[in-house]
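Colleague: Contents are compact mmCIF, C-alpha atoms; file name query.txt:
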```
# COMPACT_ATOMS: atom_id res chain seq x y z
CA MET A 82 89.67 213.55 35.79
CA GLU A 83 92.36 210.97 35.35
CA THR A 84 93.64 209.08 38.32
CA THR A 85 97.01 207.44 38.27
CA LYS A 86 97.43 204.54 40.56
CA ILE A 87 100.93 204.05 41.81
CA LYS A 88 101.81 200.59 42.91
CA LYS A 89 103.83 200.63 46.05
CA ALA A 90 107.11 198.92 45.52
CA THR A 91 107.92 196.21 47.97
CA SER A 92 111.49 195.64 48.87
CA SER A 93 113.30 193.08 50.91
CA ARG A 94 116.31 193.95 52.95
CA CYS A 95 119.52 192.61 51.55
CA ARG A 96 122.25 191.92 54.06
CA VAL A 97 125.73 191.96 52.68
CA VAL A 98 128.72 191.03 54.72
CA SER A 99 132.16 191.45 53.27
CA ALA A 100 135.19 192.57 55.12
CA LYS A 101 138.89 192.63 54.46
CA VAL A 102 140.43 192.80 57.88
CA LYS A 103 143.96 193.75 58.77
CA LEU A 104 145.03 192.55 62.19
CA SER A 105 147.99 193.53 64.32
CA GLY A 106 150.42 191.14 62.65
CA ASN A 107 152.19 190.95 65.98
CA PRO A 108 154.90 188.29 65.67
CA ALA A 109 154.81 187.80 69.45
CA LYS A 110 151.19 186.65 69.35
CA PRO A 111 150.81 183.20 70.92
CA LYS A 112 150.39 180.52 68.27
CA SER A 113 146.86 179.31 67.56
CA GLU A 114 146.18 175.64 68.14
CA VAL A 115 143.18 173.49 67.29
CA MET A 116 142.09 170.83 69.76
CA SER A 117 138.98 169.16 71.08
CA VAL A 118 137.03 171.09 73.70
CA GLU A 119 137.83 168.31 76.20
CA ASP A 120 141.58 168.76 75.62
CA PHE A 121 141.15 172.51 75.80
CA GLU A 122 139.33 172.37 79.16
CA ARG A 123 141.94 169.94 80.54
CA ARG A 124 144.85 172.11 79.42
CA LEU A 125 143.11 175.16 80.80
CA GLU A 126 142.75 173.44 84.20
CA ASP A 127 146.40 172.40 84.09
CA GLY A 128 147.41 175.97 83.27
CA ASN A 129 148.89 174.91 79.94
CA ILE A 130 146.99 177.51 77.95
CA MET B 132 137.96 166.25 65.52
CA GLY B 133 134.23 166.87 65.29
CA THR B 134 131.64 167.51 62.66
CA PHE B 135 128.80 170.00 62.89
CA ARG B 136 125.72 169.75 60.72
CA LYS B 137 122.77 172.11 60.54
CA GLN B 138 119.78 171.41 58.36
CA TYR B 139 117.37 174.17 57.42
CA ASP B 140 113.73 173.55 56.45
CA THR B 141 114.08 175.98 53.57
CA GLN B 142 116.80 177.64 51.52
CA ALA B 143 118.96 179.35 54.12
CA GLU B 144 119.60 183.09 53.83
CA ALA B 145 122.68 182.81 56.00
CA ILE B 146 124.53 180.13 57.92
CA ILE B 147 124.16 180.98 61.58
CA THR B 148 125.46 178.75 64.36
CA PRO B 149 126.31 178.88 68.06
CA CYS B 150 129.84 179.73 69.11
CA VAL B 151 131.64 180.42 72.40
CA PHE B 152 134.24 183.15 72.88
CA ILE B 153 136.63 183.08 75.85
CA THR B 154 138.94 185.88 76.91
CA THR B 155 142.56 184.71 77.11
CA ASP B 156 143.38 186.69 80.25
CA GLN B 157 140.41 186.36 82.62
CA LEU B 158 138.88 183.33 80.87
CA ARG B 159 135.46 184.96 80.81
CA ARG B 160 133.25 183.12 78.38
CA LEU B 161 130.19 184.00 76.40
CA ARG B 162 128.05 181.82 74.15
CA THR B 163 126.17 183.27 71.25
CA ASP B 164 123.68 181.58 68.95
CA SER B 165 124.24 184.27 66.36
CA ALA B 166 127.58 183.66 64.66
CA VAL B 167 127.32 183.95 60.88
CA TRP B 168 129.77 182.03 58.68
CA ASP B 169 131.08 184.38 56.04
CA THR B 170 133.56 183.50 53.32
CA GLY B 171 133.60 187.21 52.43
CA SER B 172 135.35 188.08 55.66
CA THR B 173 139.09 187.51 55.85
CA ALA B 174 139.09 187.35 59.65
CA THR B 175 136.74 186.62 62.52
CA ILE B 176 134.84 189.61 63.85
CA ILE B 177 132.90 190.17 67.06
CA SER B 178 130.26 192.82 67.66
CA SER B 179 130.97 195.72 69.97
CA ARG B 180 128.09 194.46 72.10
CA LEU B 181 129.75 191.06 72.53
CA ALA B 182 133.14 192.63 73.29
CA LYS B 183 131.48 194.75 75.99
CA GLN B 184 129.65 191.78 77.49
CA LEU B 185 132.91 189.82 77.57
CA ASN B 186 134.60 192.79 79.19
CA ALA B 187 137.50 191.90 76.92
CA LYS B 188 140.73 193.83 77.06
CA ALA B 189 141.88 195.17 73.69
CA TYR B 190 144.91 193.35 72.31
CA SER B 191 145.87 195.64 69.46
CA LYS B 192 144.50 197.80 66.67
CA GLY B 193 143.27 196.66 63.30
CA SER B 194 141.44 197.97 60.30
CA MET B 195 138.66 196.79 58.09
CA SER B 196 137.53 197.65 54.60
CA GLY B 197 134.30 196.35 53.19
CA ILE B 198 130.81 197.27 52.04
CA GLY B 199 130.48 199.93 54.73
CA GLY B 200 133.76 201.64 53.85
CA GLU B 201 136.92 201.67 55.86
CA ALA B 202 137.31 201.73 59.62
CA GLU B 203 139.84 201.20 62.36
CA GLY B 204 139.13 199.43 65.60
CA ASP B 205 140.35 197.27 68.45
CA THR B 206 141.31 193.65 68.15
CA TYR B 207 141.02 191.03 70.88
CA LEU B 208 142.81 187.78 71.55
CA LEU B 209 140.21 185.12 72.28
CA HIS B 210 139.80 181.36 72.44
CA VAL B 211 136.96 180.22 70.20
CA LEU B 212 134.87 177.10 70.77
CA LEU B 213 133.33 176.00 67.51
CA PRO B 214 130.05 174.06 67.27
CA THR B 215 132.05 171.02 66.07
CA GLY B 216 133.22 170.54 69.66
CA ASP B 217 136.66 171.90 68.87
CA ALA B 218 138.57 174.80 70.34
CA VAL B 219 140.86 177.22 68.54
CA THR B 220 143.19 179.05 70.88
CA TYR B 221 144.54 182.59 70.64
CA VAL B 222 142.46 183.85 67.73
CA GLU B 223 142.90 187.56 67.06
CA VAL B 224 139.46 188.95 66.25
CA TYR B 225 138.39 192.39 65.11
CA GLU B 226 135.63 194.36 66.83
CA THR B 227 133.07 196.40 64.96
CA PRO B 228 129.44 197.38 65.55
CA LEU B 229 127.29 194.62 64.05
CA GLU B 230 123.53 195.02 63.89
CA ASP B 231 122.40 191.60 62.78
CA TYR B 232 124.86 189.20 64.36
CA ASP B 233 127.03 188.81 67.45
CA ALA B 234 129.96 187.47 65.47
CA ILE B 235 131.24 186.70 62.00
CA ILE B 236 133.22 183.50 61.55
CA GLY B 237 135.75 184.47 58.91
CA MET B 238 138.11 182.68 56.60
CA ASP B 239 140.80 182.44 59.28
CA LEU B 240 138.65 179.82 61.03
CA ILE B 241 136.71 178.47 58.04
CA THR B 242 139.92 177.44 56.27
CA LEU B 243 140.95 175.31 59.24
CA GLY B 244 138.36 172.76 58.21
CA ASN B 245 136.08 171.43 55.52
CA MET B 246 132.89 173.34 54.79
CA HIS B 247 130.09 171.90 52.72
CA LEU B 248 126.80 173.44 51.64
CA ASP B 249 124.01 171.34 50.15
CA SER B 250 120.79 172.69 48.71
CA ILE B 251 118.89 169.59 47.75
CA GLY B 252 115.15 170.09 47.33
CA GLY B 253 115.36 173.72 48.38
CA LYS B 254 116.59 172.78 51.83
CA THR B 255 120.02 173.93 52.87
CA THR B 256 122.34 171.72 54.86
CA PHE B 257 125.56 173.15 56.27
CA THR B 258 128.35 170.83 57.32
CA PHE B 259 131.68 171.80 58.85
CA SER B 260 134.32 169.42 60.08
CA LEU B 261 137.86 169.72 61.28
CA PRO B 262 140.36 167.15 60.10
CA ASP B 263 142.18 164.97 62.61
CA ARG B 264 145.54 166.39 63.46
CA ALA B 265 148.40 164.08 64.28
```
Please express the file's structure as structure tokens.
Modeller:
Amino acid sequence: METTKIKKATSSRCRVVSAKVKLSGNPAKPKSEVMSVEDFERRLEDGNI
Amino acid sequence: MGTFRKQYDTQAEAIITPCVFITTDQLRRLRTDSAVWDTGSTATIISSRLAKQLNAKAYSKGSMSGIGGEAEGDTYLLHVLLPTGDAVTYVEVYETPLEDYDAIIGMDLITLGNMHLDSIGGKTTFTFSLPDRA
């Protein structure tokens, strides 16, 4: 009797992240600004954000 | 503006950093250590789990097409604190169920700065810095 041994395939999970995102495009959206966290916290306290 | 550097002991499978998201209305904030930097994503995305924890109010609707097909979902207007020590205000982010990460830092934020990836000796080093703004 012939026995066939089947090797179990090992696989690793491949994570793929790719996304084309469409946002609201709302022209009334407040403008994004980049600043240091210190400036951000100060402006937040002053109510300027 | 600051610089963030993360050195891995091996070849990194993904660049994952901390990040803080703040709602623009109630100023609720949430830090995650699981934000993946993805040049394949045109915009920044948060997981449904993170949106729920933030109790964020939807700003608008958006749509996404990618590996998993096409979908529509809510967007949120958030302030984002990057690991460089910089803040980006009023970022519109898209919400979708994410299994592996809490957030995806997309090209909208990545292109604000300079990203560098080194793989010397099989060890990955990720550097991101934001230029000084006059």
Colleague: Contacts from chain B to chain A, 7 Å maximum, only C-alpha atoms: show me the residue list as a count of residues only.
Modeller: 20
Colleague: When you draw a straight line from atom CA of Thr155 of chain B to atom CA of Met238 of chain B, how long is it in Å?
Modeller: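 Going from atom CA of Thr155 of chain B over to atom CA of Met238 of chain B covers 21.1 Å.
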Colleague: Please return as a PyMOL selection string every residue within 12 Å of (115.9, 176.9, 53.1), taking into account only C-alpha atoms and the file's own coordinates.
Modeller: chain B and resi 137-146+248-257
Colleague: As an exercise, work out the distance from atom CA of Lys188 of chain B to atom CA of Tyr207 of chain B in Å and give it to one decimal place.
Modeller: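 Taking atom CA of Lys188 of chain B and atom CA of Tyr207 of chain B, their separation equals 6.8 Å.
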Colleague: Pick from B:Leu261, B:Leu161, B:Ile177, B:Ala202: nearest to Glu226 of chain B, with only C-alpha atoms counted?
Modeller: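 Under the stated criterion, the closest residue is B:Ile177.
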Colleague: Have a look at B:Gly199, B:Leu213, B:Gly204, B:Leu185 and name the one nearest to Tyr225 of chain B; count all atoms listed in the file.
Modeller: B:Gly204
Colleague: For Thr163 of chain B, which residue among B:Arg136, B:Glu201, B:Val224, B:Asp233 is the nearest when counting only C-alpha atoms?
Modeller: B:Asp233
Colleague: So how far away is atom CA of Arg124 of chain A from atom CA of Thr175 of chain B, in Å?
Modeller: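 Calculated distance between atom CA of Thr175 of chain B and atom CA of Arg124 of chain A is 23.7 Å.
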Colleague: Give me the residues near Pro228 of chain B as an MDAnalysis selection string, where near means some atom within 10 Å (using only C-alpha atoms) and where sequence neighbours in that chain fewer than 3 positions away do not count.
Modeller: chainID B and resid 176:182 204 231:234
Colleague: Would you pick out the contacts of Pro214 of chain B at 7 Å or less, using only C-alpha atoms, so that residues sharing its chain but fewer than 5 positions from it are not included, and give the list as a ChimeraX atom specification?
Modeller: /B:135,149-150
